[in-house]
file query-v4.tsv (TSV, N, CA and C atoms)
chain	number	residue	atom	x	y	z
Q	1	MET	N	193.76	151.21	252.88
Q	1	MET	CA	193.22	150.73	254.14
Q	1	MET	C	192.93	149.23	254.08
Q	2	VAL	N	192.35	148.76	252.97
Q	2	VAL	CA	192.03	147.35	252.83
Q	2	VAL	C	193.31	146.52	252.82
Q	3	GLY	N	194.35	146.98	252.12
Q	3	GLY	CA	195.62	146.28	252.08
Q	3	GLY	C	196.21	146.11	253.46
Q	4	VAL	N	196.07	147.12	254.30
Q	4	VAL	CA	196.56	147.04	255.67
Q	4	VAL	C	195.78	146.00	256.46
Q	5	MET	N	194.47	145.97	256.25
Q	5	MET	CA	193.64	144.99	256.95
Q	5	MET	C	193.97	143.57	256.51
Q	6	VAL	N	194.20	143.36	255.22
Q	6	VAL	CA	194.55	142.04	254.72
Q	6	VAL	C	195.89	141.60	255.29
Q	7	ALA	N	196.88	142.51	255.29
Q	7	ALA	CA	198.20	142.19	255.86
Q	7	ALA	C	198.07	141.85	257.33
Q	8	TRP	N	197.24	142.59	258.06
Q	8	TRP	CA	197.04	142.32	259.49
Q	8	TRP	C	196.41	140.95	259.69
Q	9	ALA	N	195.41	140.62	258.87
Q	9	ALA	CA	194.74	139.32	258.99
Q	9	ALA	C	195.71	138.18	258.70
Q	10	MET	N	196.55	138.33	257.67
Q	10	MET	CA	197.50	137.28	257.33
Q	10	MET	C	198.53	137.13	258.44
Q	11	ALA	N	199.00	138.26	258.98
Q	11	ALA	CA	199.97	138.18	260.07
Q	11	ALA	C	199.33	137.52	261.27
Q	12	SER	N	198.09	137.83	261.52
Q	12	SER	CA	197.38	137.25	262.65
Q	12	SER	C	197.22	135.73	262.46
Q	13	GLU	N	196.86	135.30	261.25
Q	13	GLU	CA	196.73	133.86	260.97
Q	13	GLU	C	198.07	133.16	261.17
Q	14	ALA	N	199.13	133.77	260.68
Q	14	ALA	CA	200.46	133.17	260.81
Q	14	ALA	C	200.88	133.09	262.28
Q	15	GLU	N	200.60	134.14	263.03
Q	15	GLU	CA	200.94	134.16	264.46
Q	15	GLU	C	200.17	133.05	265.20
Q	16	VAL	N	198.91	132.93	264.89
Q	16	VAL	CA	198.07	131.91	265.52
Q	16	VAL	C	198.55	130.52	265.14
Q	17	LEU	N	198.97	130.35	263.89
Q	17	LEU	CA	199.49	129.06	263.44
Q	17	LEU	C	200.73	128.66	264.22
Q	18	VAL	N	201.64	129.60	264.42
Q	18	VAL	CA	202.87	129.32	265.17
Q	18	VAL	C	202.52	128.89	266.60
Q	19	ARG	N	201.56	129.58	267.21
Q	19	ARG	CA	201.14	129.21	268.57
Q	19	ARG	C	200.51	127.82	268.59
Q	20	ALA	N	199.70	127.52	267.58
Q	20	ALA	CA	199.06	126.21	267.51
Q	20	ALA	C	200.10	125.11	267.31
Q	21	GLN	N	201.11	125.38	266.48
Q	21	GLN	CA	202.17	124.41	266.26
Q	21	GLN	C	202.99	124.17	267.53
Q	22	ALA	N	203.00	125.15	268.41
Q	22	ALA	CA	203.72	125.01	269.68
Q	22	ALA	C	202.88	124.28	270.72
Q	23	GLY	N	201.68	123.85	270.34
Q	23	GLY	CA	200.85	123.05	271.24
Q	23	GLY	C	199.72	123.81	271.91
Q	24	ASP	N	199.52	125.06	271.55
Q	24	ASP	CA	198.45	125.88	272.14
Q	24	ASP	C	197.12	125.53	271.46
Q	25	GLU	N	196.29	124.73	272.15
Q	25	GLU	CA	195.01	124.30	271.56
Q	25	GLU	C	194.04	125.46	271.38
Q	26	ASP	N	194.12	126.46	272.24
Q	26	ASP	CA	193.28	127.64	272.08
Q	26	ASP	C	193.61	128.37	270.78
Q	27	ALA	N	194.89	128.33	270.39
Q	27	ALA	CA	195.30	128.98	269.15
Q	27	ALA	C	194.67	128.29	267.95
Q	28	PHE	N	194.56	126.96	267.98
Q	28	PHE	CA	193.93	126.26	266.86
Q	28	PHE	C	192.46	126.66	266.76
Q	29	GLU	N	191.79	126.77	267.89
Q	29	GLU	CA	190.40	127.23	267.88
Q	29	GLU	C	190.30	128.65	267.32
Q	30	GLU	N	191.29	129.47	267.64
Q	30	GLU	CA	191.32	130.84	267.12
Q	30	GLU	C	191.52	130.83	265.60
Q	31	LEU	N	192.37	129.92	265.13
Q	31	LEU	CA	192.58	129.78	263.68
Q	31	LEU	C	191.28	129.40	262.98
Q	32	ILE	N	190.53	128.51	263.59
Q	32	ILE	CA	189.22	128.15	263.05
Q	32	ILE	C	188.33	129.38	262.99
Q	33	GLY	N	188.32	130.15	264.06
Q	33	GLY	CA	187.50	131.37	264.09
Q	33	GLY	C	187.88	132.38	263.02
Q	34	LEU	N	189.16	132.45	262.70
Q	34	LEU	CA	189.64	133.40	261.70
Q	34	LEU	C	189.31	132.97	260.27
Q	35	THR	N	189.12	131.68	260.05
Q	35	THR	CA	188.99	131.17	258.68
Q	35	THR	C	187.64	130.57	258.34
Q	36	GLN	N	186.85	130.22	259.32
Q	36	GLN	CA	185.66	129.41	259.04
Q	36	GLN	C	184.60	130.11	258.19
Q	37	THR	N	184.43	131.40	258.33
Q	37	THR	CA	183.37	132.08	257.57
Q	37	THR	C	183.65	132.01	256.07
Q	38	LYS	N	184.88	132.35	255.66
Q	38	LYS	CA	185.21	132.32	254.24
Q	38	LYS	C	185.20	130.89	253.70
Q	39	LEU	N	185.75	129.97	254.48
Q	39	LEU	CA	185.79	128.58	254.01
Q	39	LEU	C	184.40	127.97	253.92
Q	40	PHE	N	183.54	128.29	254.86
Q	40	PHE	CA	182.17	127.79	254.81
Q	40	PHE	C	181.46	128.34	253.58
Q	41	GLY	N	181.66	129.63	253.30
Q	41	GLY	CA	181.04	130.23	252.11
Q	41	GLY	C	181.49	129.55	250.84
Q	42	LEU	N	182.79	129.26	250.74
Q	42	LEU	CA	183.31	128.57	249.57
Q	42	LEU	C	182.69	127.18	249.44
Q	43	ALA	N	182.69	126.42	250.52
Q	43	ALA	CA	182.15	125.06	250.49
Q	43	ALA	C	180.65	125.07	250.17
Q	44	ALA	N	179.92	125.99	250.75
Q	44	ALA	CA	178.48	126.06	250.51
Q	44	ALA	C	178.18	126.41	249.05
Q	45	ARG	N	178.98	127.31	248.47
Q	45	ARG	CA	178.78	127.65	247.04
Q	45	ARG	C	179.09	126.46	246.15
Q	46	LEU	N	180.17	125.75	246.46
Q	46	LEU	CA	180.55	124.62	245.62
Q	46	LEU	C	179.57	123.46	245.74
Q	47	LEU	N	179.11	123.20	246.96
Q	47	LEU	CA	178.26	122.02	247.20
Q	47	LEU	C	176.76	122.31	247.11
Q	48	GLY	N	176.39	123.56	247.32
Q	48	GLY	CA	174.98	123.90	247.31
Q	48	GLY	C	174.22	123.36	248.51
Q	49	SER	N	174.93	123.02	249.58
Q	49	SER	CA	174.30	122.45	250.77
Q	49	SER	C	175.05	122.90	252.01
Q	50	TRP	N	174.33	123.47	252.94
Q	50	TRP	CA	174.96	123.91	254.19
Q	50	TRP	C	175.44	122.71	255.00
Q	51	THR	N	174.65	121.66	255.03
Q	51	THR	CA	175.02	120.48	255.81
Q	51	THR	C	176.30	119.86	255.27
Q	52	GLU	N	176.38	119.70	253.96
Q	52	GLU	CA	177.59	119.13	253.38
Q	52	GLU	C	178.78	120.07	253.55
Q	53	ALA	N	178.54	121.36	253.49
Q	53	ALA	CA	179.62	122.33	253.70
Q	53	ALA	C	180.17	122.21	255.12
Q	54	GLN	N	179.29	122.03	256.10
Q	54	GLN	CA	179.74	121.84	257.48
Q	54	GLN	C	180.58	120.57	257.60
Q	55	ASP	N	180.16	119.49	256.94
Q	55	ASP	CA	180.91	118.24	256.96
Q	55	ASP	C	182.30	118.42	256.37
Q	56	VAL	N	182.38	119.14	255.25
Q	56	VAL	CA	183.66	119.37	254.58
Q	56	VAL	C	184.57	120.21	255.48
Q	57	LEU	N	184.03	121.23	256.11
Q	57	LEU	CA	184.85	122.04	257.01
Q	57	LEU	C	185.39	121.21	258.16
Q	58	GLN	N	184.57	120.34	258.69
Q	58	GLN	CA	185.03	119.48	259.78
Q	58	GLN	C	186.19	118.60	259.29
Q	59	GLU	N	186.06	118.03	258.10
Q	59	GLU	CA	187.14	117.21	257.53
Q	59	GLU	C	188.40	118.04	257.31
Q	60	ALA	N	188.23	119.26	256.81
Q	60	ALA	CA	189.37	120.13	256.52
Q	60	ALA	C	190.12	120.51	257.80
Q	61	TYR	N	189.37	120.85	258.83
Q	61	TYR	CA	190.03	121.23	260.09
Q	61	TYR	C	190.67	120.02	260.77
Q	62	LEU	N	190.10	118.86	260.61
Q	62	LEU	CA	190.73	117.64	261.13
Q	62	LEU	C	192.05	117.40	260.40
Q	63	ALA	N	192.04	117.57	259.08
Q	63	ALA	CA	193.28	117.41	258.31
Q	63	ALA	C	194.32	118.45	258.74
Q	64	ALA	N	193.88	119.68	258.95
Q	64	ALA	CA	194.80	120.73	259.38
Q	64	ALA	C	195.40	120.39	260.74
Q	65	TYR	N	194.58	119.93	261.66
Q	65	TYR	CA	195.06	119.59	263.00
Q	65	TYR	C	196.02	118.41	262.94
Q	66	THR	N	195.69	117.43	262.12
Q	66	THR	CA	196.52	116.23	261.99
Q	66	THR	C	197.88	116.57	261.38
Q	67	HIS	N	197.91	117.52	260.45
Q	67	HIS	CA	199.15	117.86	259.74
Q	67	HIS	C	199.67	119.24	260.15
Q	68	LEU	N	199.33	119.68	261.32
Q	68	LEU	CA	199.68	121.02	261.79
Q	68	LEU	C	201.17	121.32	261.68
Q	69	GLU	N	201.99	120.34	262.04
Q	69	GLU	CA	203.45	120.57	262.04
Q	69	GLU	C	204.00	120.75	260.63
Q	70	GLN	N	203.26	120.31	259.62
Q	70	GLN	CA	203.74	120.40	258.24
Q	70	GLN	C	203.41	121.75	257.59
Q	71	LEU	N	202.54	122.53	258.21
Q	71	LEU	CA	202.16	123.81	257.64
Q	71	LEU	C	203.29	124.82	257.81
Q	72	ASP	N	203.53	125.60	256.78
Q	72	ASP	CA	204.60	126.59	256.78
Q	72	ASP	C	204.07	127.90	257.38
Q	73	PRO	N	204.60	128.30	258.54
Q	73	PRO	CA	204.10	129.52	259.18
Q	73	PRO	C	204.43	130.80	258.41
Q	74	SER	N	205.32	130.72	257.42
Q	74	SER	CA	205.62	131.91	256.63
Q	74	SER	C	204.56	132.15	255.54
Q	75	ARG	N	203.68	131.18	255.36
Q	75	ARG	CA	202.60	131.32	254.38
Q	75	ARG	C	201.26	131.33	255.11
Q	76	SER	N	200.29	131.95	254.50
Q	76	SER	CA	198.97	132.03	255.11
Q	76	SER	C	198.32	130.65	255.18
Q	77	PRO	N	197.87	130.25	256.37
Q	77	PRO	CA	197.17	128.96	256.46
Q	77	PRO	C	195.85	128.97	255.67
Q	78	MET	N	195.34	130.15	255.39
Q	78	MET	CA	194.09	130.25	254.64
Q	78	MET	C	194.24	129.67	253.24
Q	79	GLY	N	195.38	129.88	252.61
Q	79	GLY	CA	195.61	129.32	251.27
Q	79	GLY	C	195.59	127.81	251.28
Q	80	TRP	N	196.26	127.21	252.27
Q	80	TRP	CA	196.29	125.75	252.38
Q	80	TRP	C	194.89	125.22	252.69
Q	81	LEU	N	194.21	125.85	253.62
Q	81	LEU	CA	192.87	125.41	253.99
Q	81	LEU	C	191.89	125.54	252.82
Q	82	THR	N	192.03	126.60	252.05
Q	82	THR	CA	191.17	126.80	250.88
Q	82	THR	C	191.38	125.67	249.88
Q	83	THR	N	192.62	125.30	249.67
Q	83	THR	CA	192.93	124.20	248.76
Q	83	THR	C	192.31	122.90	249.26
Q	84	VAL	N	192.44	122.63	250.55
Q	84	VAL	CA	191.89	121.41	251.13
Q	84	VAL	C	190.37	121.39	250.98
Q	85	VAL	N	189.72	122.50	251.31
Q	85	VAL	CA	188.26	122.58	251.21
Q	85	VAL	C	187.82	122.39	249.76
Q	86	THR	N	188.50	123.03	248.82
Q	86	THR	CA	188.15	122.90	247.41
Q	86	THR	C	188.25	121.46	246.95
Q	87	ARG	N	189.34	120.80	247.30
Q	87	ARG	CA	189.52	119.40	246.91
Q	87	ARG	C	188.46	118.50	247.54
Q	88	LEU	N	188.19	118.71	248.82
Q	88	LEU	CA	187.18	117.90	249.49
Q	88	LEU	C	185.81	118.08	248.84
Q	89	CYS	N	185.48	119.32	248.48
Q	89	CYS	CA	184.19	119.58	247.83
Q	89	CYS	C	184.11	118.90	246.48
Q	90	LEU	N	185.16	119.02	245.69
Q	90	LEU	CA	185.14	118.39	244.37
Q	90	LEU	C	185.09	116.88	244.49
Q	91	ASN	N	185.82	116.32	245.44
Q	91	ASN	CA	185.77	114.87	245.66
Q	91	ASN	C	184.36	114.44	246.06
Q	92	ARG	N	183.73	115.21	246.90
Q	92	ARG	CA	182.37	114.88	247.35
Q	92	ARG	C	181.39	114.97	246.18
Q	93	LEU	N	181.53	116.00	245.36
Q	93	LEU	CA	180.65	116.13	244.20
Q	93	LEU	C	180.84	114.96	243.24
Q	94	ARG	N	182.07	114.57	243.02
Q	94	ARG	CA	182.34	113.43	242.13
Q	94	ARG	C	181.79	112.13	242.71
Q	95	SER	N	182.02	111.93	244.00
Q	95	SER	CA	181.57	110.66	244.61
Q	95	SER	C	180.05	110.57	244.66
Q	96	ASN	N	179.40	111.71	244.76
Q	96	ASN	CA	177.94	111.72	244.74
Q	96	ASN	C	177.39	111.69	243.32
Q	97	LYS	N	178.30	111.71	242.35
Q	97	LYS	CA	177.94	111.69	240.92
Q	97	LYS	C	176.94	112.79	240.58
Q	98	ARG	N	177.19	113.94	241.19
Q	98	ARG	CA	176.31	115.07	240.92
Q	98	ARG	C	176.95	116.07	239.98
Q	99	VAL	N	178.08	115.73	239.41
Q	99	VAL	CA	178.77	116.68	238.56
Q	99	VAL	C	178.63	116.26	237.11
Q	100	SER	N	178.02	117.13	236.32
Q	100	SER	CA	177.94	116.91	234.88
Q	100	SER	C	178.81	117.98	234.21
Q	101	GLY	N	178.89	117.94	232.91
Q	101	GLY	CA	179.68	118.93	232.19
Q	101	GLY	C	179.23	120.35	232.48
Q	102	THR	N	177.92	120.59	232.50
Q	102	THR	CA	177.43	121.93	232.76
Q	102	THR	C	177.68	122.33	234.21
Q	103	ASP	N	177.61	121.38	235.14
Q	103	ASP	CA	177.92	121.69	236.53
Q	103	ASP	C	179.38	122.12	236.65
Q	104	LEU	N	180.27	121.44	235.93
Q	104	LEU	CA	181.68	121.81	235.98
Q	104	LEU	C	181.88	123.20	235.40
Q	105	ASP	N	181.12	123.55	234.36
Q	105	ASP	CA	181.23	124.90	233.80
Q	105	ASP	C	180.82	125.94	234.84
Q	106	SER	N	179.74	125.66	235.57
Q	106	SER	CA	179.30	126.63	236.58
Q	106	SER	C	180.29	126.68	237.74
Q	107	LEU	N	180.93	125.55	238.06
Q	107	LEU	CA	181.97	125.58	239.09
Q	107	LEU	C	183.14	126.41	238.62
Q	108	GLY	N	183.42	126.37	237.34
Q	108	GLY	CA	184.51	127.16	236.79
Q	108	GLY	C	184.28	128.65	236.97
Q	109	GLU	N	183.03	129.06	236.97
Q	109	GLU	CA	182.72	130.47	237.20
Q	109	GLU	C	183.11	130.92	238.60
Q	110	LEU	N	183.22	129.98	239.52
Q	110	LEU	CA	183.60	130.32	240.89
Q	110	LEU	C	185.07	130.65	241.03
Q	111	LEU	N	185.85	130.40	239.98
Q	111	LEU	CA	187.29	130.66	240.06
Q	111	LEU	C	187.58	132.08	240.52
Q	112	GLY	N	186.83	133.01	240.02
Q	112	GLY	CA	187.04	134.40	240.40
Q	112	GLY	C	186.70	134.68	241.85
Q	113	HIS	N	185.98	133.77	242.50
Q	113	HIS	CA	185.57	133.97	243.88
Q	113	HIS	C	186.43	133.20	244.87
Q	114	CYS	N	187.38	132.40	244.39
Q	114	CYS	CA	188.26	131.65	245.29
Q	114	CYS	C	189.16	132.63	246.02
Q	115	PRO	N	189.32	132.45	247.33
Q	115	PRO	CA	190.07	133.42	248.12
Q	115	PRO	C	191.58	133.39	247.92
Q	116	SER	N	192.12	132.42	247.22
Q	116	SER	CA	193.57	132.39	247.06
Q	116	SER	C	193.94	131.88	245.68
Q	117	PRO	N	195.08	132.31	245.16
Q	117	PRO	CA	195.53	131.80	243.87
Q	117	PRO	C	195.73	130.29	243.89
Q	118	ASP	N	196.20	129.73	245.00
Q	118	ASP	CA	196.37	128.28	245.11
Q	118	ASP	C	195.05	127.56	244.90
Q	119	ALA	N	193.98	128.09	245.49
Q	119	ALA	CA	192.66	127.47	245.34
Q	119	ALA	C	192.19	127.57	243.90
Q	120	GLN	N	192.47	128.68	243.24
Q	120	GLN	CA	192.09	128.82	241.84
Q	120	GLN	C	192.79	127.79	240.98
Q	121	ILE	N	194.07	127.58	241.23
Q	121	ILE	CA	194.84	126.59	240.46
Q	121	ILE	C	194.29	125.20	240.71
Q	122	GLN	N	194.00	124.87	241.98
Q	122	GLN	CA	193.47	123.55	242.30
Q	122	GLN	C	192.13	123.31	241.62
Q	123	LEU	N	191.29	124.32	241.63
Q	123	LEU	CA	189.97	124.18	241.00
Q	123	LEU	C	190.12	124.03	239.49
Q	124	GLN	N	191.02	124.81	238.89
Q	124	GLN	CA	191.27	124.67	237.45
Q	124	GLN	C	191.75	123.28	237.11
Q	125	GLN	N	192.68	122.75	237.89
Q	125	GLN	CA	193.20	121.40	237.63
Q	125	GLN	C	192.10	120.36	237.79
Q	126	ALA	N	191.28	120.51	238.79
Q	126	ALA	CA	190.20	119.54	239.02
Q	126	ALA	C	189.18	119.60	237.89
Q	127	LEU	N	188.90	120.79	237.40
Q	127	LEU	CA	187.93	120.93	236.31
Q	127	LEU	C	188.47	120.37	235.00
Q	128	ALA	N	189.79	120.36	234.86
Q	128	ALA	CA	190.41	119.88	233.62
Q	128	ALA	C	190.37	118.35	233.53
Q	129	THR	N	190.19	117.65	234.67
Q	129	THR	CA	190.20	116.19	234.66
Q	129	THR	C	188.86	115.62	234.30
call {"tool": "encode", "arguments": {"input": "query-v4.tsv", "output": "structure tokens"}}
result
Amino acid sequence: MVGVMVAWAMASEAEVLVRAQAGDEDAFEELIGLTQTKLFGLAARLLGSWTEAQDVLQEAYLAAYTHLEQLDPSRSPMGWLTTVVTRLCLNRLRSNKRVSGTDLDSLGELLGHCPSPDAQIQLQQALAT
């Protein structure tokens, strides 16, 4: 049953992405509605701040809207958005100089909670630098 729900959600995201790429602004808002809860949770866990998580989501959705035509509708937009949010969070943590070795270790524990394999790879690469 869960597998069917996941497949339905991914198909729905892809369908909404195609509509958004065709210029349907309501579809982009729908895409935000489909993804914002998980992405906000990820950003809030990484940053430890709801306000900063909201800022990161705004940046991520602006990037998605700006590069909408480059997104591949055959792939889940959630994976791309997760990668963008993860990178933005890590960049923000680095720029705020709030990341120490132990902080990076605790961020590494979040790998199991990343919603997509792409996000896990991005987080691993960021932690390795």
call {"tool": "atom_distance", "arguments": {"input": "query-v4.tsv", "atom1": "atom N of Gln54 (chain Q)", "atom2": "CA of Leu34 (chain Q)"}}
result
16.4 Å
call {"tool": "closest_residue", "arguments": {"input": "query-v4.tsv", "among": "Q:Gln21, Q:Thr83, Q:Asn91, Q:Asn96", "to": "Ala60 (chain Q)", "atoms": "only C-alpha atoms"}}
result
Q:Thr83
call {"tool": "atom_distance", "arguments": {"input": "query-v4.tsv", "atom1": "CA of Ala53 (chain Q)", "atom2": "CA of Asp24 (chain Q)"}}
result
26.6 Å
call {"tool": "residues_around", "arguments": {"input": "query-v4.tsv", "residues": "Pro73 (chain Q)", "least_positions_apart": "3", "cutoff": "8 Å", "atoms": "only C-alpha atoms", "output": "PyMOL selection string"}}
result
chain Q and resi 14-15+17-18+76-77
call {"tool": "residues_around", "arguments": {"input": "query-v4.tsv", "residues": "Val84 (chain Q)", "least_positions_apart": "2", "cutoff": "8 Å", "atoms": "only N, CA and C atoms", "output": "NGL selection string"}}
result
:Q and (56 or 59-61 or 78-82 or 86-90 or 118-119)
call {"tool": "atom_distance", "arguments": {"input": "query-v4.tsv", "atom1": "atom N of Glu13 (chain Q)", "atom2": "atom C of Leu31 (chain Q)"}}
result
8.3 Å
call {"tool": "select_by_dssp", "arguments": {"input": "query-v4.tsv", "residues": "region 21-104 of chain Q", "states": "alpha helix (DSSP H)", "output": "ChimeraX atom specification"}}
result
/Q:21,25-47,50-66,77-95,101-104
call {"tool": "closest_residue", "arguments": {"input": "query-v4.tsv", "among": "Q:Leu71, Q:Ser12, Q:Ala63, Q:Arg94", "to": "Ala27 (chain Q)", "atoms": "only C-alpha atoms"}}
result
Q:Ser12
call {"tool": "closest_residue", "arguments": {"input": "query-v4.tsv", "among": "Q:Lys38, Q:Glu69, Q:Arg45, Q:Ser74", "to": "Ala22 (chain Q)", "atoms": "only N, CA and C atoms"}}
result
Q:Glu69
call {"tool": "closest_residue", "arguments": {"input": "query-v4.tsv", "among": "Q:Leu39, Q:Val16, Q:Ile32, Q:Leu46", "to": "Leu93 (chain Q)", "atoms": "only N, CA and C atoms"}}
result
Q:Leu46
call {"tool": "axis_aligned_box", "arguments": {"input": "query-v4.tsv", "around": "region 57-74 of chain Q", "padding_each_side": "5 Å", "output": "JSON"}}
result
{"center_x": 194.8, "center_y": 124.2, "center_z": 259.3, "size_x": 31.6, "size_y": 25.9, "size_z": 17.5}
call {"tool": "closest_residue", "arguments": {"input": "query-v4.tsv", "among": "Q:Arg92, Q:Gly23, Q:Thr35, Q:His67", "to": "Leu47 (chain Q)", "atoms": "all atoms listed in the file"}}
result
Q:Arg92
call {"tool": "decode", "arguments": {"input": "query-v4.tsv", "residues": "region 57-72 of chain Q", "atoms": "N, CA, C and O atoms", "output": "CSV table (one decimal), in the first residue's frame"}}
result
chain,number,residue,atom,x,y,z
Q,57,LEU,N,13.9,27.6,2.2
Q,57,LEU,CA,12.8,27.1,1.3
Q,57,LEU,C,12.5,28.2,0.3
Q,57,LEU,O,12.3,27.8,-0.9
Q,58,GLN,N,12.4,29.4,0.7
Q,58,GLN,CA,12.1,30.5,-0.2
Q,58,GLN,C,13.2,30.5,-1.3
Q,58,GLN,O,12.9,30.7,-2.5
Q,59,GLU,N,14.4,30.4,-0.9
Q,59,GLU,CA,15.6,30.4,-1.9
Q,59,GLU,C,15.5,29.2,-2.8
Q,59,GLU,O,15.7,29.4,-4.0
Q,60,ALA,N,15.1,28.1,-2.3
Q,60,ALA,CA,15.1,26.9,-3.1
Q,60,ALA,C,13.9,26.9,-4.1
Q,60,ALA,O,14.1,26.6,-5.3
Q,61,TYR,N,12.8,27.4,-3.7
Q,61,TYR,CA,11.7,27.5,-4.6
Q,61,TYR,C,11.9,28.6,-5.7
Q,61,TYR,O,11.5,28.5,-6.8
Q,62,LEU,N,12.6,29.7,-5.3
Q,62,LEU,CA,13.0,30.7,-6.3
Q,62,LEU,C,13.9,30.1,-7.3
Q,62,LEU,O,13.8,30.3,-8.5
Q,63,ALA,N,14.9,29.3,-6.9
Q,63,ALA,CA,15.8,28.6,-7.8
Q,63,ALA,C,15.0,27.6,-8.7
Q,63,ALA,O,15.3,27.5,-9.9
Q,64,ALA,N,14.1,26.9,-8.1
Q,64,ALA,CA,13.3,26.0,-8.9
Q,64,ALA,C,12.5,26.7,-10.0
Q,64,ALA,O,12.4,26.3,-11.1
Q,65,TYR,N,11.9,27.8,-9.6
Q,65,TYR,CA,11.1,28.6,-10.5
Q,65,TYR,C,12.0,29.2,-11.6
Q,65,TYR,O,11.6,29.2,-12.8
Q,66,THR,N,13.1,29.7,-11.3
Q,66,THR,CA,14.0,30.3,-12.2
Q,66,THR,C,14.6,29.2,-13.2
Q,66,THR,O,14.8,29.6,-14.4
Q,67,HIS,N,14.8,28.0,-12.8
Q,67,HIS,CA,15.3,27.0,-13.6
Q,67,HIS,C,14.3,25.9,-14.0
Q,67,HIS,O,14.7,24.7,-14.3
Q,68,LEU,N,13.1,26.2,-13.9
Q,68,LEU,CA,12.0,25.3,-14.1
Q,68,LEU,C,12.1,24.5,-15.4
Q,68,LEU,O,11.9,23.3,-15.5
Q,69,GLU,N,12.5,25.2,-16.5
Q,69,GLU,CA,12.6,24.5,-17.8
Q,69,GLU,C,13.7,23.5,-17.8
Q,69,GLU,O,13.8,22.6,-18.7
Q,70,GLN,N,14.7,23.6,-16.9
Q,70,GLN,CA,15.8,22.6,-16.9
Q,70,GLN,C,15.5,21.3,-16.1
Q,70,GLN,O,16.3,20.4,-16.2
Q,71,LEU,N,14.4,21.3,-15.4
Q,71,LEU,CA,14.1,20.1,-14.6
Q,71,LEU,C,13.6,19.0,-15.5
Q,71,LEU,O,12.8,19.3,-16.4
Q,72,ASP,N,14.0,17.8,-15.2
Q,72,ASP,CA,13.6,16.7,-16.0
Q,72,ASP,C,12.3,16.1,-15.5
Q,72,ASP,O,12.2,15.6,-14.4
